[in-house]
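Structure data (mmCIF, C-alpha atoms) from run_3.cif:
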```
data_coords
#
loop_
_atom_site.label_atom_id
_atom_site.label_comp_id
_atom_site.auth_asym_id
_atom_site.auth_seq_id
_atom_site.Cartn_x
_atom_site.Cartn_y
_atom_site.Cartn_z
CA MET K 1 -2.71 14.41 46.82
CA LEU K 2 -5.47 15.06 44.29
CA GLU K 3 -5.40 18.77 45.09
CA ARG K 4 -1.66 18.91 44.54
CA LEU K 5 -1.76 16.83 41.37
CA PHE K 6 -4.74 18.44 39.61
CA LYS K 7 -4.91 21.89 41.30
CA LEU K 8 -8.62 21.51 41.92
CA SER K 9 -9.10 24.69 43.97
CA GLU K 10 -7.22 26.77 41.42
CA HIS K 11 -9.69 25.61 38.77
CA GLY K 12 -12.72 26.15 40.99
CA THR K 13 -13.75 22.50 41.23
CA ASN K 14 -13.70 19.55 43.63
CA VAL K 15 -13.38 15.76 43.56
CA ARG K 16 -17.13 15.09 43.50
CA THR K 17 -17.69 17.43 40.53
CA GLU K 18 -14.78 15.93 38.62
CA VAL K 19 -16.01 12.37 39.19
CA ILE K 20 -19.51 13.26 37.98
CA ALA K 21 -17.98 14.98 34.94
CA GLY K 22 -15.91 11.88 34.21
CA PHE K 23 -18.97 9.62 34.30
CA THR K 24 -20.82 12.06 32.06
CA SER K 25 -18.07 12.13 29.42
CA PHE K 26 -17.76 8.36 29.49
CA LEU K 27 -21.47 7.78 28.97
CA ALA K 28 -21.44 10.16 26.01
CA MET K 29 -18.56 8.36 24.26
CA ALA K 30 -18.83 4.76 25.49
CA TYR K 31 -20.49 3.74 22.22
CA ILE K 32 -17.01 3.42 20.71
CA ILE K 33 -16.34 0.22 22.69
CA PHE K 34 -19.20 -1.37 20.76
CA VAL K 35 -18.75 0.32 17.38
CA ALA K 36 -14.97 0.10 16.86
CA PRO K 37 -14.64 -3.69 17.41
CA SER K 38 -17.66 -4.33 15.17
CA MET K 39 -16.13 -2.28 12.36
CA LEU K 40 -12.55 -3.52 12.64
CA ALA K 41 -13.64 -7.16 12.89
CA SER K 42 -14.76 -6.94 9.25
CA THR K 43 -11.09 -6.58 8.27
CA GLY K 44 -10.29 -10.01 9.70
CA MET K 45 -9.15 -8.77 13.09
CA ASP K 46 -10.29 -10.68 16.17
CA HIS K 47 -13.34 -8.96 17.69
CA GLY K 48 -12.43 -9.71 21.29
CA ALA K 49 -8.82 -8.58 20.87
CA VAL K 50 -9.92 -5.32 19.24
CA PHE K 51 -12.40 -4.74 22.05
CA VAL K 52 -9.61 -5.03 24.63
CA ALA K 53 -7.25 -2.88 22.54
CA THR K 54 -9.94 -0.19 22.19
CA CYS K 55 -10.56 -0.02 25.94
CA LEU K 56 -6.86 -0.05 26.83
CA ALA K 57 -5.84 2.53 24.22
CA ALA K 58 -8.66 4.83 25.36
CA ALA K 59 -7.69 4.39 29.01
CA LEU K 60 -4.03 5.12 28.24
CA GLY K 61 -4.86 8.24 26.27
CA CYS K 62 -7.14 9.53 29.02
CA LEU K 63 -4.51 8.86 31.69
CA ILE K 64 -1.82 10.75 29.79
CA MET K 65 -4.20 13.63 29.10
CA GLY K 66 -5.27 13.75 32.75
CA LEU K 67 -1.98 13.20 34.53
CA TYR K 68 0.44 14.87 32.11
CA ALA K 69 -1.61 17.65 30.48
CA ASN K 70 -4.22 18.08 33.27
CA TYR K 71 -7.14 18.67 30.91
CA PRO K 72 -10.70 17.28 31.26
CA ILE K 73 -10.58 15.85 27.75
CA ALA K 74 -11.15 12.16 27.06
CA LEU K 75 -9.63 10.17 24.21
CA ALA K 76 -10.51 6.97 22.35
CA PRO K 77 -10.12 5.50 18.84
CA GLY K 78 -11.77 7.97 16.45
CA MET K 79 -14.96 6.96 14.63
CA GLY K 80 -14.02 8.51 11.29
CA LEU K 81 -10.46 7.18 11.44
CA THR K 82 -11.73 3.70 12.28
CA ALA K 83 -14.09 3.85 9.30
CA PHE K 84 -11.22 4.93 7.04
CA PHE K 85 -9.05 2.09 8.35
CA THR K 86 -11.81 -0.47 7.83
CA TYR K 87 -13.60 0.46 4.65
CA THR K 88 -10.96 2.28 2.61
CA VAL K 89 -7.52 1.03 3.59
CA ALA K 90 -8.34 -2.59 4.44
CA GLY K 91 -11.57 -2.84 2.43
CA GLN K 92 -11.38 -0.95 -0.84
CA MET K 93 -7.58 -0.95 -1.17
CA GLY K 94 -7.10 -4.47 0.16
CA VAL K 95 -4.25 -3.54 2.50
CA PRO K 96 -3.75 -6.28 5.14
CA TRP K 97 -4.80 -5.06 8.56
CA GLN K 98 -1.30 -5.69 9.89
CA ILE K 99 0.17 -3.20 7.42
CA ALA K 100 -2.69 -0.78 8.09
CA LEU K 101 -1.78 -0.88 11.79
CA GLY K 102 1.80 -0.14 10.79
CA ALA K 103 0.53 2.94 8.94
CA VAL K 104 -1.37 4.01 12.06
CA PHE K 105 1.82 3.63 14.10
CA LEU K 106 3.82 5.74 11.65
CA SER K 107 1.12 8.42 11.64
CA GLY K 108 1.37 8.48 15.44
CA VAL K 109 5.13 8.85 15.27
CA SER K 110 4.73 11.67 12.73
CA PHE K 111 2.14 13.36 14.94
CA PHE K 112 4.54 13.10 17.89
CA LEU K 113 7.42 14.62 15.93
CA PHE K 114 5.24 17.34 14.39
CA SER K 115 4.08 18.33 17.85
CA ALA K 116 7.60 18.25 19.30
CA PHE K 117 9.11 20.35 16.50
CA LYS K 118 6.08 22.65 16.07
CA ILE K 119 5.49 21.58 12.46
CA ARG K 120 1.87 21.15 13.52
CA GLU K 121 1.28 24.91 13.42
CA TRP K 122 2.69 25.13 9.89
CA ILE K 123 0.33 22.42 8.63
CA ILE K 124 -2.73 23.83 10.40
CA ASN K 125 -2.07 27.35 9.18
CA ALA K 126 -1.49 26.08 5.62
CA ILE K 127 -5.05 24.76 5.26
CA PRO K 128 -7.92 27.23 4.77
CA ALA K 129 -10.81 27.00 7.20
CA SER K 130 -13.30 26.18 4.43
CA LEU K 131 -11.31 23.13 3.37
CA LYS K 132 -11.02 21.91 6.95
CA THR K 133 -14.80 22.15 7.23
CA GLY K 134 -15.30 20.35 3.93
CA ILE K 135 -13.05 17.49 4.95
CA ALA K 136 -14.91 17.05 8.24
CA ALA K 137 -18.25 17.06 6.39
CA GLY K 138 -16.92 14.58 3.84
CA ILE K 139 -15.92 12.19 6.61
CA GLY K 140 -19.45 12.54 7.97
CA LEU K 141 -20.99 11.62 4.60
CA PHE K 142 -18.53 8.75 4.29
CA MET K 143 -19.71 7.37 7.62
CA ALA K 144 -23.34 7.90 6.57
CA ILE K 145 -23.04 5.83 3.42
CA ILE K 146 -21.27 3.10 5.40
CA ALA K 147 -24.21 3.02 7.83
CA LEU K 148 -26.84 3.09 5.09
CA GLN K 149 -25.16 0.37 3.09
CA GLY K 150 -24.40 -1.82 6.09
CA SER K 151 -28.03 -1.81 7.20
CA GLY K 152 -29.42 -2.44 3.71
CA ILE K 153 -31.12 0.94 3.43
CA VAL K 154 -28.96 1.71 0.39
CA VAL K 155 -27.92 -1.08 -1.97
CA ASP K 156 -25.97 -1.29 -5.21
CA ALA K 157 -27.78 -1.08 -8.55
CA PRO K 158 -26.37 -1.78 -12.03
CA GLY K 159 -27.96 1.23 -13.70
CA THR K 160 -27.62 3.90 -11.02
CA LEU K 161 -24.76 2.59 -8.82
CA VAL K 162 -26.98 2.86 -5.71
CA THR K 163 -30.69 2.67 -4.96
CA LEU K 164 -33.07 2.28 -2.03
CA GLY K 165 -33.02 -1.11 -0.35
CA ASP K 166 -35.79 -3.05 1.36
CA LEU K 167 -36.98 -0.81 4.18
CA SER K 168 -39.19 -3.59 5.53
CA SER K 169 -36.16 -5.74 6.42
CA PRO K 170 -35.36 -6.05 10.14
CA ALA K 171 -31.87 -4.59 9.68
CA ALA K 172 -33.17 -1.46 7.95
CA LEU K 173 -36.01 -0.97 10.43
CA TYR K 174 -33.79 -1.37 13.48
CA ALA K 175 -31.10 0.91 12.01
CA LEU K 176 -33.67 3.65 11.42
CA LEU K 177 -35.14 3.13 14.89
CA SER K 178 -31.67 3.42 16.43
CA PHE K 179 -31.03 6.65 14.53
CA PHE K 180 -34.42 8.20 15.38
CA LEU K 181 -34.05 7.30 19.04
CA ILE K 182 -30.51 8.68 19.33
CA VAL K 183 -31.47 11.97 17.65
CA ALA K 184 -34.54 12.39 19.85
CA LEU K 185 -32.62 11.63 23.05
CA SER K 186 -29.82 13.97 22.00
CA TYR K 187 -32.32 16.76 21.34
CA ARG K 188 -33.69 16.22 24.83
CA LYS K 189 -30.08 16.43 26.13
CA VAL K 190 -30.16 12.94 27.62
CA ILE K 191 -26.67 11.96 28.75
CA GLY K 192 -25.42 8.87 26.91
CA ALA K 193 -28.00 9.21 24.13
CA VAL K 194 -25.90 7.27 21.61
CA MET K 195 -25.19 4.38 23.94
CA ILE K 196 -28.84 4.22 25.08
CA GLY K 197 -30.02 4.06 21.47
CA ILE K 198 -27.62 1.24 20.65
CA LEU K 199 -28.55 -0.80 23.73
CA VAL K 200 -32.34 -0.30 23.37
CA VAL K 201 -32.30 -1.49 19.75
CA THR K 202 -30.05 -4.41 20.66
CA LEU K 203 -32.50 -5.44 23.39
CA LEU K 204 -35.53 -5.15 21.09
CA ALA K 205 -33.81 -7.14 18.34
CA THR K 206 -32.85 -9.83 20.83
CA LEU K 207 -36.38 -10.09 22.24
CA THR K 208 -37.84 -10.42 18.73
CA GLY K 209 -35.37 -13.11 17.69
CA ASN K 210 -33.39 -10.92 15.29
CA ASN K 211 -30.21 -10.92 17.35
CA ASP K 212 -28.20 -13.33 19.50
CA PHE K 213 -27.35 -12.30 23.06
CA HIS K 214 -24.00 -13.61 24.30
CA GLY K 215 -24.12 -12.40 27.87
CA LEU K 216 -23.29 -9.28 29.84
CA ALA K 217 -19.90 -9.68 31.50
CA SER K 218 -16.91 -12.00 31.68
CA MET K 219 -13.16 -11.89 32.03
CA PRO K 220 -11.53 -9.85 29.23
CA PRO K 221 -10.70 -11.85 26.09
CA SER K 222 -7.13 -12.35 24.95
CA MET K 223 -5.43 -9.54 23.07
CA LEU K 224 -2.80 -11.85 21.57
CA PRO K 225 -4.48 -12.14 18.11
CA THR K 226 -3.74 -8.44 17.47
CA PHE K 227 -1.02 -7.55 19.99
CA ALA K 228 2.26 -6.57 18.28
CA GLN K 229 0.93 -7.84 14.95
CA LEU K 230 1.45 -4.52 13.17
CA ASP K 231 3.71 -4.58 10.10
CA ILE K 232 5.73 -1.37 10.20
CA ALA K 233 8.11 -2.51 7.47
CA GLY K 234 5.17 -3.16 5.14
CA ALA K 235 3.92 0.38 5.78
CA PHE K 236 7.26 1.78 4.55
CA ASN K 237 5.99 1.68 1.01
CA LEU K 238 5.63 4.60 -1.37
CA GLY K 239 2.02 3.67 -2.01
CA MET K 240 1.28 3.96 1.72
CA VAL K 241 2.46 7.57 2.00
CA SER K 242 -0.95 9.04 1.21
CA ILE K 243 -2.62 6.67 3.69
CA ILE K 244 -0.25 7.66 6.48
CA PHE K 245 -0.78 11.31 5.61
CA ALA K 246 -4.57 10.86 5.65
CA PHE K 247 -4.41 9.23 9.09
CA LEU K 248 -2.13 12.03 10.31
CA PHE K 249 -4.10 14.86 8.71
CA VAL K 250 -7.51 13.81 9.99
CA ASP K 251 -6.16 13.05 13.46
CA LEU K 252 -4.29 16.35 13.61
CA PHE K 253 -7.27 18.54 12.80
CA ASP K 254 -9.74 16.42 14.74
CA THR K 255 -7.61 16.63 17.86
CA SER K 256 -6.66 20.30 17.50
CA GLY K 257 -10.26 21.36 16.83
CA THR K 258 -11.60 19.34 19.74
CA LEU K 259 -8.95 20.61 22.16
CA ILE K 260 -9.65 24.24 21.32
CA ALA K 261 -13.46 23.86 21.33
CA VAL K 262 -13.66 22.01 24.64
CA SER K 263 -11.03 24.17 26.32
CA GLN K 264 -12.82 27.35 25.31
CA GLN K 265 -16.04 25.96 26.76
CA ALA K 266 -14.22 25.18 30.01
CA GLY K 267 -12.52 28.59 30.12
CA LEU K 268 -9.06 27.04 30.00
CA THR K 269 -7.62 29.16 27.16
CA ASN K 270 -5.49 32.22 27.85
CA GLU K 271 -6.23 35.83 26.96
CA ARG K 272 -5.03 35.27 23.38
CA GLY K 273 -7.29 32.26 22.96
CA HIS K 274 -4.39 29.84 23.04
CA LEU K 275 -4.35 26.63 25.02
CA PRO K 276 -1.54 26.35 27.58
CA ARG K 277 0.19 22.97 27.63
CA LEU K 278 -1.12 22.26 24.12
CA GLY K 279 2.02 20.29 23.35
CA ARG K 280 1.37 17.99 26.29
CA ALA K 281 -2.22 17.44 25.17
CA LEU K 282 -1.07 16.51 21.67
CA MET K 283 1.52 14.15 23.12
CA ALA K 284 -1.33 12.27 24.80
CA ASP K 285 -2.99 11.76 21.44
CA SER K 286 0.12 10.67 19.56
CA SER K 287 1.41 8.41 22.34
CA ALA K 288 -1.95 6.66 22.67
CA THR K 289 -2.12 6.23 18.88
CA MET K 290 1.28 4.53 18.79
CA ALA K 291 0.40 2.29 21.74
CA GLY K 292 -3.04 1.53 20.31
CA SER K 293 -1.59 0.39 16.98
CA VAL K 294 0.67 -2.02 18.84
CA MET K 295 -2.32 -3.37 20.77
CA GLY K 296 -4.55 -3.56 17.71
CA THR K 297 -6.78 -0.54 17.13
CA SER K 298 -6.92 2.59 14.97
CA ASN K 299 -5.86 6.18 15.73
CA VAL K 300 -6.72 7.51 19.18
CA THR K 301 -8.05 11.07 19.18
CA SER K 302 -9.65 13.60 21.51
CA TYR K 303 -13.44 13.29 21.71
CA ILE K 304 -15.76 16.24 21.30
CA GLU K 305 -18.10 14.37 23.68
CA SER K 306 -15.75 15.61 26.40
CA ALA K 307 -17.79 18.80 26.20
CA THR K 308 -20.57 17.01 28.09
CA GLY K 309 -18.19 16.44 31.00
CA VAL K 310 -17.11 20.07 30.90
CA ALA K 311 -20.76 21.09 30.95
CA ALA K 312 -21.11 18.97 34.09
CA GLY K 313 -18.32 20.93 35.77
CA GLY K 314 -15.14 19.10 34.76
CA ARG K 315 -12.14 21.42 34.72
CA THR K 316 -9.06 19.30 35.41
CA GLY K 317 -7.35 16.09 34.39
CA LEU K 318 -9.15 14.23 37.16
CA THR K 319 -12.16 14.08 34.83
CA ALA K 320 -10.06 12.30 32.20
CA VAL K 321 -8.60 9.94 34.79
CA VAL K 322 -12.12 8.93 35.86
CA VAL K 323 -12.96 8.20 32.20
CA ALA K 324 -9.81 6.07 31.99
CA GLY K 325 -10.93 4.03 35.00
CA LEU K 326 -14.35 3.44 33.45
CA PHE K 327 -12.78 2.22 30.19
CA LEU K 328 -10.77 -0.27 32.25
CA VAL K 329 -13.94 -1.47 33.99
CA SER K 330 -15.50 -1.88 30.53
CA LEU K 331 -12.95 -4.59 29.75
CA PHE K 332 -15.30 -7.00 31.50
CA LEU K 333 -18.20 -6.22 29.13
CA SER K 334 -16.87 -8.18 26.17
CA PRO K 335 -19.94 -10.50 25.85
CA LEU K 336 -22.20 -7.45 25.63
CA ALA K 337 -19.97 -5.92 22.96
CA THR K 338 -20.17 -9.06 20.83
CA SER K 339 -23.96 -8.99 21.17
CA ILE K 340 -24.31 -5.57 19.53
CA PRO K 341 -25.53 -6.04 15.92
CA ALA K 342 -24.28 -3.89 13.07
CA PHE K 343 -27.72 -2.35 12.48
CA ALA K 344 -27.72 -1.00 16.05
CA THR K 345 -24.43 0.83 15.54
CA ALA K 346 -25.57 2.07 12.11
CA GLY K 347 -27.84 4.56 13.86
CA ALA K 348 -24.85 5.88 15.82
CA LEU K 349 -22.84 6.32 12.62
CA LEU K 350 -25.69 8.24 11.00
CA TYR K 351 -26.02 10.46 14.07
CA VAL K 352 -22.31 11.31 14.12
CA ALA K 353 -22.54 11.98 10.37
CA CYS K 354 -25.21 14.60 11.06
CA LEU K 355 -22.97 16.32 13.59
CA MET K 356 -19.96 16.33 11.26
CA THR K 357 -21.82 17.77 8.27
CA GLY K 358 -23.26 20.63 10.31
CA GLY K 359 -20.12 22.70 9.73
CA LEU K 360 -21.12 23.27 6.10
CA ALA K 361 -23.34 26.08 7.34
CA ARG K 362 -20.18 28.11 8.00
CA ILE K 363 -19.02 27.99 4.37
CA ASP K 364 -19.23 31.21 2.37
CA TRP K 365 -21.41 29.87 -0.45
CA ASN K 366 -21.34 33.24 -2.18
CA ASP K 367 -17.62 32.76 -2.90
CA ILE K 368 -17.52 29.95 -5.45
CA THR K 369 -13.72 29.68 -5.19
CA GLU K 370 -14.20 28.64 -1.55
CA ALA K 371 -17.38 26.61 -1.99
CA ALA K 372 -16.39 24.51 -5.03
CA PRO K 373 -13.35 22.79 -3.43
CA VAL K 374 -15.48 22.07 -0.36
CA VAL K 375 -18.12 20.35 -2.51
CA ILE K 376 -15.40 18.32 -4.26
CA ALA K 377 -13.81 17.15 -1.01
CA THR K 378 -17.18 16.44 0.59
CA LEU K 379 -18.60 14.38 -2.29
CA VAL K 380 -15.49 12.49 -3.30
CA MET K 381 -15.07 10.79 0.09
CA PRO K 382 -18.38 8.86 0.15
CA LEU K 383 -18.53 8.31 -3.61
CA THR K 384 -15.01 6.84 -3.81
CA TYR K 385 -15.15 5.26 -0.35
CA SER K 386 -11.92 7.06 0.51
CA ILE K 387 -11.12 9.87 2.92
CA ALA K 388 -7.67 10.12 1.34
CA ASN K 389 -9.14 10.78 -2.11
CA GLY K 390 -11.36 13.52 -0.72
CA ILE K 391 -8.46 15.25 1.03
CA ALA K 392 -6.23 15.03 -2.04
CA LEU K 393 -8.79 16.30 -4.57
CA GLY K 394 -9.89 18.99 -2.14
CA PHE K 395 -6.32 20.30 -1.94
CA ILE K 396 -5.77 20.08 -5.70
CA SER K 397 -9.06 21.73 -6.63
CA TYR K 398 -8.57 24.55 -4.10
CA ALA K 399 -5.11 25.37 -5.44
CA VAL K 400 -6.06 25.17 -9.13
CA ILE K 401 -9.33 27.11 -8.77
CA LYS K 402 -7.68 29.90 -6.79
CA LEU K 403 -4.82 30.08 -9.29
CA PHE K 404 -7.09 30.17 -12.35
CA SER K 405 -9.31 32.77 -10.67
CA GLY K 406 -6.38 35.09 -10.02
CA ARG K 407 -6.77 34.58 -6.28
CA TYR K 408 -3.26 33.22 -5.81
CA ARG K 409 -2.77 35.40 -2.73
CA ASP K 410 -5.25 33.09 -0.95
CA LEU K 411 -2.79 30.21 -1.36
CA SER K 412 -0.26 29.44 1.33
CA PRO K 413 3.07 27.81 0.39
CA GLY K 414 2.17 24.77 2.47
CA LEU K 415 -1.11 24.18 0.66
CA VAL K 416 0.56 24.54 -2.75
CA ILE K 417 3.27 22.05 -1.80
CA LEU K 418 0.72 19.53 -0.58
CA ALA K 419 -1.46 20.01 -3.67
CA VAL K 420 1.52 19.43 -5.98
CA LEU K 421 2.53 16.30 -4.08
CA PHE K 422 -0.99 14.90 -4.34
CA ALA K 423 -1.16 15.71 -8.04
CA CYS K 424 2.17 13.94 -8.64
CA LYS K 425 0.83 10.96 -6.74
CA TYR K 426 -2.15 10.68 -9.08
CA LEU K 427 -0.23 11.39 -12.29
CA PHE K 428 2.94 9.36 -11.77
CA LEU K 429 2.19 6.70 -9.15
CA ASP K 430 -0.95 5.19 -10.68
CA GLY K 431 -3.10 7.47 -8.54
CA ALA K 432 -4.08 4.80 -6.01
CA LEU K 433 -4.63 6.82 -2.86
#
```
Go ahead and express the file in the form of structure tokens.
Amino acid sequence: MLERLFKLSEHGTNVRTEVIAGFTSFLAMAYIIFVAPSMLASTGMDHGAVFVATCLAAALGCLIMGLYANYPIALAPGMGLTAFFTYTVAGQMGVPWQIALGAVFLSGVSFFLFSAFKIREWIINAIPASLKTGIAAGIGLFMAIIALQGSGIVVDAPGTLVTLGDLSSPAALYALLSFFLIVALSYRKVIGAVMIGILVVTLLATLTGNNDFHGLASMPPSMLPTFAQLDIAGAFNLGMVSIIFAFLFVDLFDTSGTLIAVSQQAGLTNERGHLPRLGRALMADSSATMAGSVMGTSNVTSYIESATGVAAGGRTGLTAVVVAGLFLVSLFLSPLATSIPAFATAGALLYVACLMTGGLARIDWNDITEAAPVVIATLVMPLTYSIANGIALGFISYAVIKLFSGRYRDLSPGLVILAVLFACKYLFLDGAL
């Protein structure tokens, strides 16, 4: 049955290899079951319900990817998208989490329709590679400042906006230890480096009396506090358009980039470098996002950590199905999830930030018309606590700089349209992105 369903022999693999690959991918990305509930709980959402929603949404996405698209790519709520949901939409903008979930649902619907009607290609081709890189780096810096502020390493200051906090505090010390440990383990190519770093720091903090341990396993908590609590009608508001677009935009490029990168590593692309069954893979993402918003979590996206499973030999959807099964088993680890302190996950956020900012090395810094918009998009996100602001000002600055420089041939119609829409948003709709 497995041979017929996943075509194992055709892909040069077997059940044992696929199972090992599934465990490898899961260990590399399992940190999200601790990080996402901790972040979303700060919006007023029930921690236990979000934990269950995170596990179920991830399992659903992996099952669709494995059974429908037959790719060894795992999905879960995205770290950057969860941070945007928590700290910008619900935090800075004060949008109730129910309406924010409605915006996530609508972004999932849009993603689904864009994939079905091939609008996705038009959007992707409309955005220059440099701006895509800048946006990814900006999200990384956004996550970094969240981690630094949450652990007390960076604090607010009247004269300079921010300054160095008390590095002798337990939260700051443990956050730095978590980060150092994760980076070192990652360099040594230890599978599950992020999760190991989080758990080691949690254990040390518990043993030294700086953290409360609530247990290891139990029956899954109720999902009722967040299930079907999304407010779709509230998200149908003109002021929410930019938020929905930001969710959609980040998810679209995150998923597309991950799918291509992991598939190329696995040798699954065709002779033209295209990914067969790409539409099916994108349907997995959008369907899981819609379902996840109903259950009570942020956008579900493909995880670049799937590359670890591919490196272990994963070549078919059986790898993703194994990851789905492990997320379902994780439902019984709710007490452990509630025991993870914020300073332990801060190290994971900083580590992911390092990975996301690495793409800046690919920018052509000798071409100031390419570099300047990247700097704008990258800096605006952390300094305004808004991914949406960074995307919008990145688009606007790219279009205006190219136009003023006489490089209008570098502008695609799609980018110009989006830049004009963002500019109108700022000028005529009070600019609250």
- prompt: Nearest to Ala103 (chain K) among K:Ala228, K:Ile127, K:Ile244, K:Val190, with distances taken over only C-alpha atoms: which residue is it?
  reply: K:Ile244
query: Pick the closest to Phe84 (chain K) from K:Met39, K:Leu230, K:Ile198, K:Ala337: which is it, counting all atoms listed in the file?
result: K:Met39
message: Applying the PyMOL selection byres ((chain K and resi 340-344) around 10) to the file I just gave you, which residues come out? Please list them as a ChimeraX atom specification.
response: /K:34-35,38-39,147-148,150-152,170-179,195,197-203,205-206,210-214,335-339,345-349
For the residues in that selection, give me C-alpha atoms as a tab-separated table (two decimals), in the frame of the given file.
```
chain	number	residue	atom	x	y	z
K	34	PHE	CA	-19.20	-1.37	20.76
K	35	VAL	CA	-18.75	0.32	17.38
K	38	SER	CA	-17.66	-4.33	15.17
K	39	MET	CA	-16.13	-2.28	12.36
K	147	ALA	CA	-24.21	3.02	7.83
K	148	LEU	CA	-26.84	3.09	5.09
K	150	GLY	CA	-24.40	-1.82	6.09
K	151	SER	CA	-28.03	-1.81	7.20
K	152	GLY	CA	-29.42	-2.44	3.71
K	170	PRO	CA	-35.36	-6.05	10.14
K	171	ALA	CA	-31.87	-4.59	9.68
K	172	ALA	CA	-33.17	-1.46	7.95
K	173	LEU	CA	-36.01	-0.97	10.43
K	174	TYR	CA	-33.79	-1.37	13.48
K	175	ALA	CA	-31.10	0.91	12.01
K	176	LEU	CA	-33.67	3.65	11.42
K	177	LEU	CA	-35.14	3.13	14.89
K	178	SER	CA	-31.67	3.42	16.43
K	179	PHE	CA	-31.03	6.65	14.53
K	195	MET	CA	-25.19	4.38	23.94
K	197	GLY	CA	-30.02	4.06	21.47
K	198	ILE	CA	-27.62	1.24	20.65
K	199	LEU	CA	-28.55	-0.80	23.73
K	200	VAL	CA	-32.34	-0.30	23.37
K	201	VAL	CA	-32.30	-1.49	19.75
K	202	THR	CA	-30.05	-4.41	20.66
K	203	LEU	CA	-32.50	-5.44	23.39
K	205	ALA	CA	-33.81	-7.14	18.34
K	206	THR	CA	-32.85	-9.83	20.83
K	210	ASN	CA	-33.39	-10.92	15.29
K	211	ASN	CA	-30.21	-10.92	17.35
K	212	ASP	CA	-28.20	-13.33	19.50
K	213	PHE	CA	-27.35	-12.30	23.06
K	214	HIS	CA	-24.00	-13.61	24.30
K	335	PRO	CA	-19.94	-10.50	25.85
K	336	LEU	CA	-22.20	-7.45	25.63
K	337	ALA	CA	-19.97	-5.92	22.96
K	338	THR	CA	-20.17	-9.06	20.83
K	339	SER	CA	-23.96	-8.99	21.17
K	345	THR	CA	-24.43	0.83	15.54
K	346	ALA	CA	-25.57	2.07	12.11
K	347	GLY	CA	-27.84	4.56	13.86
K	348	ALA	CA	-24.85	5.88	15.82
K	349	LEU	CA	-22.84	6.32	12.62
```
- request: For each of K:Lys132, K:Ser287, K:Phe142, K:Ile20, take the minimum atom-to-atom distance to Pro382 (chain K), counting all atoms listed in the file, then give the residue where this is smallest.
  value: K:Phe142
message: Assuming the chain letters and numbering stay as they are in my file, what does the PyMOL selection byres ((chain K and resi 11) around 12) actually select? List them as a VMD selection string.
response: chain K and resid 3 to 4 6 to 10 12 to 15 17 to 18 70 to 72 266 to 268 313 to 318
field: Answer as an MDAnalysis selection string, residues within 12 Å of (-11.2, 19.2, 30.2) using only C-alpha atoms
entry: chainID K and resid 6 11 13 18 21:22 25 62 65:67 69:75 258:269 275 281 302:323
Given the selection you just returned, output its residues as a file containing C-alpha atoms, formatted as a compact mmCIF listing (two decimals), keeping the file's coordinate frame.
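That gives us part.txt:
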```
# COMPACT_ATOMS: atom_id res chain seq x y z
CA PHE K 6 -4.74 18.44 39.61
CA HIS K 11 -9.69 25.61 38.77
CA THR K 13 -13.75 22.50 41.23
CA GLU K 18 -14.78 15.93 38.62
CA ALA K 21 -17.98 14.98 34.94
CA GLY K 22 -15.91 11.88 34.21
CA SER K 25 -18.07 12.13 29.42
CA CYS K 62 -7.14 9.53 29.02
CA MET K 65 -4.20 13.63 29.10
CA GLY K 66 -5.27 13.75 32.75
CA LEU K 67 -1.98 13.20 34.53
CA ALA K 69 -1.61 17.65 30.48
CA ASN K 70 -4.22 18.08 33.27
CA TYR K 71 -7.14 18.67 30.91
CA PRO K 72 -10.70 17.28 31.26
CA ILE K 73 -10.58 15.85 27.75
CA ALA K 74 -11.15 12.16 27.06
CA LEU K 75 -9.63 10.17 24.21
CA THR K 258 -11.60 19.34 19.74
CA LEU K 259 -8.95 20.61 22.16
CA ILE K 260 -9.65 24.24 21.32
CA ALA K 261 -13.46 23.86 21.33
CA VAL K 262 -13.66 22.01 24.64
CA SER K 263 -11.03 24.17 26.32
CA GLN K 264 -12.82 27.35 25.31
CA GLN K 265 -16.04 25.96 26.76
CA ALA K 266 -14.22 25.18 30.01
CA GLY K 267 -12.52 28.59 30.12
CA LEU K 268 -9.06 27.04 30.00
CA THR K 269 -7.62 29.16 27.16
CA LEU K 275 -4.35 26.63 25.02
CA ALA K 281 -2.22 17.44 25.17
CA SER K 302 -9.65 13.60 21.51
CA TYR K 303 -13.44 13.29 21.71
CA ILE K 304 -15.76 16.24 21.30
CA GLU K 305 -18.10 14.37 23.68
CA SER K 306 -15.75 15.61 26.40
CA ALA K 307 -17.79 18.80 26.20
CA THR K 308 -20.57 17.01 28.09
CA GLY K 309 -18.19 16.44 31.00
CA VAL K 310 -17.11 20.07 30.90
CA ALA K 311 -20.76 21.09 30.95
CA ALA K 312 -21.11 18.97 34.09
CA GLY K 313 -18.32 20.93 35.77
CA GLY K 314 -15.14 19.10 34.76
CA ARG K 315 -12.14 21.42 34.72
CA THR K 316 -9.06 19.30 35.41
CA GLY K 317 -7.35 16.09 34.39
CA LEU K 318 -9.15 14.23 37.16
CA THR K 319 -12.16 14.08 34.83
CA ALA K 320 -10.06 12.30 32.20
CA VAL K 321 -8.60 9.94 34.79
CA VAL K 322 -12.12 8.93 35.86
CA VAL K 323 -12.96 8.20 32.20
```
Give as a short mmCIF file (atom, residue, chain, number, x, y, z; two decimals) with C-alpha atoms, in the frame of the given file every residue, naming chains and numbers as the document does, that has an atom within 7 Å of (-13.5, 3.2, 14.2), counting only C-alpha atoms.
```cif
data_model
loop_
_atom_site.label_atom_id
_atom_site.label_comp_id
_atom_site.auth_asym_id
_atom_site.auth_seq_id
_atom_site.Cartn_x
_atom_site.Cartn_y
_atom_site.Cartn_z
CA VAL K 35 -18.75 0.32 17.38
CA ALA K 36 -14.97 0.10 16.86
CA MET K 39 -16.13 -2.28 12.36
CA LEU K 40 -12.55 -3.52 12.64
CA PRO K 77 -10.12 5.50 18.84
CA GLY K 78 -11.77 7.97 16.45
CA MET K 79 -14.96 6.96 14.63
CA GLY K 80 -14.02 8.51 11.29
CA LEU K 81 -10.46 7.18 11.44
CA THR K 82 -11.73 3.70 12.28
CA ALA K 83 -14.09 3.85 9.30
CA SER K 298 -6.92 2.59 14.97
#
```
